[in-house]
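Written out below as structure tokens is the structure these notes cover.
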Amino acid sequence: MELLGISITEWVGYLASALVLLSFLMKAVTKLRLVNMVGCVCWVIYGFMLDVAWPVIITNASIFLVNGYYLFNKKVV
């Protein structure tokens, strides 16, 4: 399935890239981590859509967990 000549898989990859980029433009660390976590989830979905690209999945799942640790266990919020 395509939208504007671009596959859904590619759209998910573009969304993931945009969210991670957006997160680095934020001054507030809490917002940065939250947006980055959403971007990581998109990257993990993208990794599975690419017939299981483990390097993409493992890296972004790990980054998601690190962000979660600092948000919830270190009381950054």
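Just remember, in the structure tokens the first chain shown is A, the second B, etc., residues are 1-based per chain, and ligands are 1-based in the order shown.
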Taking 2 positions as the minimum chain separation for residues in the same chain, which residues sit within 8 Å of range 25-36 of chain A when counting only C-alpha atoms? Answer as a PDB file with all heavy atoms, in the first residue's frame.
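File produced: result33.pdb:
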ATOM      1  N   LEU A  19      10.271  12.734  14.600  1.00  0.00           N
ATOM      2  CA  LEU A  19      10.059  12.821  16.048  1.00  0.00           C
ATOM      3  C   LEU A  19      11.373  12.877  16.814  1.00  0.00           C
ATOM      4  O   LEU A  19      11.507  13.663  17.765  1.00  0.00           O
ATOM      5  CB  LEU A  19       9.209  11.640  16.525  1.00  0.00           C
ATOM      6  CG  LEU A  19       7.735  11.717  16.141  1.00  0.00           C
ATOM      7  CD1 LEU A  19       7.049  10.374  16.394  1.00  0.00           C
ATOM      8  CD2 LEU A  19       7.044  12.827  16.904  1.00  0.00           C
ATOM      9  N   VAL A  20      12.334  12.074  16.411  1.00  0.00           N
ATOM     10  CA  VAL A  20      13.629  12.100  17.099  1.00  0.00           C
ATOM     11  C   VAL A  20      14.308  13.455  16.875  1.00  0.00           C
ATOM     12  O   VAL A  20      14.854  14.047  17.804  1.00  0.00           O
ATOM     13  CB  VAL A  20      14.519  10.920  16.643  1.00  0.00           C
ATOM     14  CG1 VAL A  20      15.932  11.073  17.162  1.00  0.00           C
ATOM     15  CG2 VAL A  20      13.918   9.601  17.126  1.00  0.00           C
ATOM     16  N   LEU A  21      14.251  13.965  15.652  1.00  0.00           N
ATOM     17  CA  LEU A  21      14.818  15.282  15.368  1.00  0.00           C
ATOM     18  C   LEU A  21      14.110  16.351  16.192  1.00  0.00           C
ATOM     19  O   LEU A  21      14.765  17.201  16.817  1.00  0.00           O
ATOM     20  CB  LEU A  21      14.699  15.605  13.875  1.00  0.00           C
ATOM     21  CG  LEU A  21      15.168  16.989  13.452  1.00  0.00           C
ATOM     22  CD1 LEU A  21      16.651  17.176  13.721  1.00  0.00           C
ATOM     23  CD2 LEU A  21      14.865  17.215  11.984  1.00  0.00           C
ATOM     24  N   LEU A  22      12.796  16.303  16.226  1.00  0.00           N
ATOM     25  CA  LEU A  22      12.019  17.267  17.004  1.00  0.00           C
ATOM     26  C   LEU A  22      12.395  17.227  18.485  1.00  0.00           C
ATOM     27  O   LEU A  22      12.515  18.273  19.132  1.00  0.00           O
ATOM     28  CB  LEU A  22      10.515  16.984  16.843  1.00  0.00           C
ATOM     29  CG  LEU A  22       9.564  17.882  17.618  1.00  0.00           C
ATOM     30  CD1 LEU A  22       9.653  19.319  17.123  1.00  0.00           C
ATOM     31  CD2 LEU A  22       8.144  17.359  17.494  1.00  0.00           C
ATOM     32  N   SER A  23      12.630  16.036  18.998  1.00  0.00           N
ATOM     33  CA  SER A  23      12.969  15.921  20.421  1.00  0.00           C
ATOM     34  C   SER A  23      14.266  16.656  20.755  1.00  0.00           C
ATOM     35  O   SER A  23      14.396  17.221  21.832  1.00  0.00           O
ATOM     36  CB  SER A  23      13.071  14.449  20.842  1.00  0.00           C
ATOM     37  OG  SER A  23      14.249  13.837  20.367  1.00  0.00           O
ATOM     38  N   VAL A  38       8.435   8.409  21.949  1.00  0.00           N
ATOM     39  CA  VAL A  38       7.451   8.146  20.892  1.00  0.00           C
ATOM     40  C   VAL A  38       8.181   7.856  19.583  1.00  0.00           C
ATOM     41  O   VAL A  38       7.810   6.938  18.837  1.00  0.00           O
ATOM     42  CB  VAL A  38       6.460   9.321  20.733  1.00  0.00           C
ATOM     43  CG1 VAL A  38       5.523   9.098  19.564  1.00  0.00           C
ATOM     44  CG2 VAL A  38       5.669   9.522  22.014  1.00  0.00           C
ATOM     45  N   GLY A  39       9.239   8.618  19.315  1.00  0.00           N
ATOM     46  CA  GLY A  39      10.049   8.357  18.127  1.00  0.00           C
ATOM     47  C   GLY A  39      10.666   6.970  18.162  1.00  0.00           C
ATOM     48  O   GLY A  39      10.708   6.258  17.149  1.00  0.00           O
ATOM     49  N   CYS A  40      11.140   6.550  19.328  1.00  0.00           N
ATOM     50  CA  CYS A  40      11.719   5.210  19.477  1.00  0.00           C
ATOM     51  C   CYS A  40      10.691   4.124  19.192  1.00  0.00           C
ATOM     52  O   CYS A  40      11.000   3.115  18.558  1.00  0.00           O
ATOM     53  CB  CYS A  40      12.295   5.023  20.870  1.00  0.00           C
ATOM     54  SG  CYS A  40      13.832   5.926  21.146  1.00  0.00           S
ATOM     55  N   PHE A  64      14.585   3.765  24.379  1.00  0.00           N
ATOM     56  CA  PHE A  64      13.283   3.943  25.029  1.00  0.00           C
ATOM     57  C   PHE A  64      13.388   3.635  26.520  1.00  0.00           C
ATOM     58  O   PHE A  64      12.907   4.398  27.365  1.00  0.00           O
ATOM     59  CB  PHE A  64      12.242   3.034  24.365  1.00  0.00           C
ATOM     60  CG  PHE A  64      10.883   3.127  24.988  1.00  0.00           C
ATOM     61  CD1 PHE A  64       9.959   4.054  24.536  1.00  0.00           C
ATOM     62  CD2 PHE A  64      10.517   2.285  26.030  1.00  0.00           C
ATOM     63  CE1 PHE A  64       8.707   4.146  25.108  1.00  0.00           C
ATOM     64  CE2 PHE A  64       9.263   2.367  26.615  1.00  0.00           C
ATOM     65  CZ  PHE A  64       8.355   3.306  26.154  1.00  0.00           C
ATOM     66  N   ASN A  67      15.412   6.345  28.385  1.00  0.00           N
ATOM     67  CA  ASN A  67      14.568   7.528  28.597  1.00  0.00           C
ATOM     68  C   ASN A  67      13.562   7.286  29.708  1.00  0.00           C
ATOM     69  O   ASN A  67      13.356   8.147  30.565  1.00  0.00           O
ATOM     70  CB  ASN A  67      13.828   7.903  27.307  1.00  0.00           C
ATOM     71  CG  ASN A  67      14.687   8.679  26.349  1.00  0.00           C
ATOM     72  OD1 ASN A  67      15.507   9.483  26.746  1.00  0.00           O
ATOM     73  ND2 ASN A  67      14.509   8.433  25.066  1.00  0.00           N
ATOM     74  N   GLY A  68      12.924   6.129  29.699  1.00  0.00           N
ATOM     75  CA  GLY A  68      11.953   5.791  30.740  1.00  0.00           C
ATOM     76  C   GLY A  68      12.582   5.753  32.113  1.00  0.00           C
ATOM     77  O   GLY A  68      12.003   6.241  33.090  1.00  0.00           O
ATOM     78  N   LEU A  71      13.187   9.302  33.213  1.00  0.00           N
ATOM     79  CA  LEU A  71      11.927  10.017  33.468  1.00  0.00           C
ATOM     80  C   LEU A  71      11.264   9.573  34.758  1.00  0.00           C
ATOM     81  O   LEU A  71      10.777  10.406  35.535  1.00  0.00           O
ATOM     82  CB  LEU A  71      10.946   9.789  32.309  1.00  0.00           C
ATOM     83  CG  LEU A  71      11.051  10.737  31.142  1.00  0.00           C
ATOM     84  CD1 LEU A  71      10.075  10.325  30.051  1.00  0.00           C
ATOM     85  CD2 LEU A  71      10.786  12.164  31.551  1.00  0.00           C
ATOM     86  N   VAL A  76      12.863  13.078  37.042  1.00  0.00           N
ATOM     87  CA  VAL A  76      13.143  14.257  36.232  1.00  0.00           C
ATOM     88  C   VAL A  76      11.866  15.038  35.985  1.00  0.00           C
ATOM     89  O   VAL A  76      11.877  16.234  35.813  1.00  0.00           O
ATOM     90  CB  VAL A  76      13.804  13.840  34.875  1.00  0.00           C
ATOM     91  CG1 VAL A  76      13.955  15.025  33.953  1.00  0.00           C
ATOM     92  CG2 VAL A  76      15.127  13.182  35.132  1.00  0.00           C
ATOM     93  N   VAL A  77      10.725  14.349  36.009  1.00  0.00           N
ATOM     94  CA  VAL A  77       9.436  14.958  35.663  1.00  0.00           C
ATOM     95  C   VAL A  77       9.082  16.084  36.569  1.00  0.00           C
ATOM     96  O   VAL A  77       9.267  16.297  37.637  1.00  0.00           O
ATOM     97  CB  VAL A  77       8.318  13.890  35.693  1.00  0.00           C
ATOM     98  CG1 VAL A  77       6.981  14.505  35.397  1.00  0.00           C
ATOM     99  CG2 VAL A  77       8.646  12.794  34.719  1.00  0.00           C
TER     100      VAL A  77
END
Strand (DSSP E or B) residues, from DSSP on the backbone, in chain A, as a list in words: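 Here are the strand (DSSP E or B) residues of chain A: Glu2, Leu3, Ile6 and Ser7 of chain A.
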Secondary structure check, alpha helix (DSSP H) residues of chain A, as a PyMOL selection string: chain A and resi 8-24+29-49+54-68
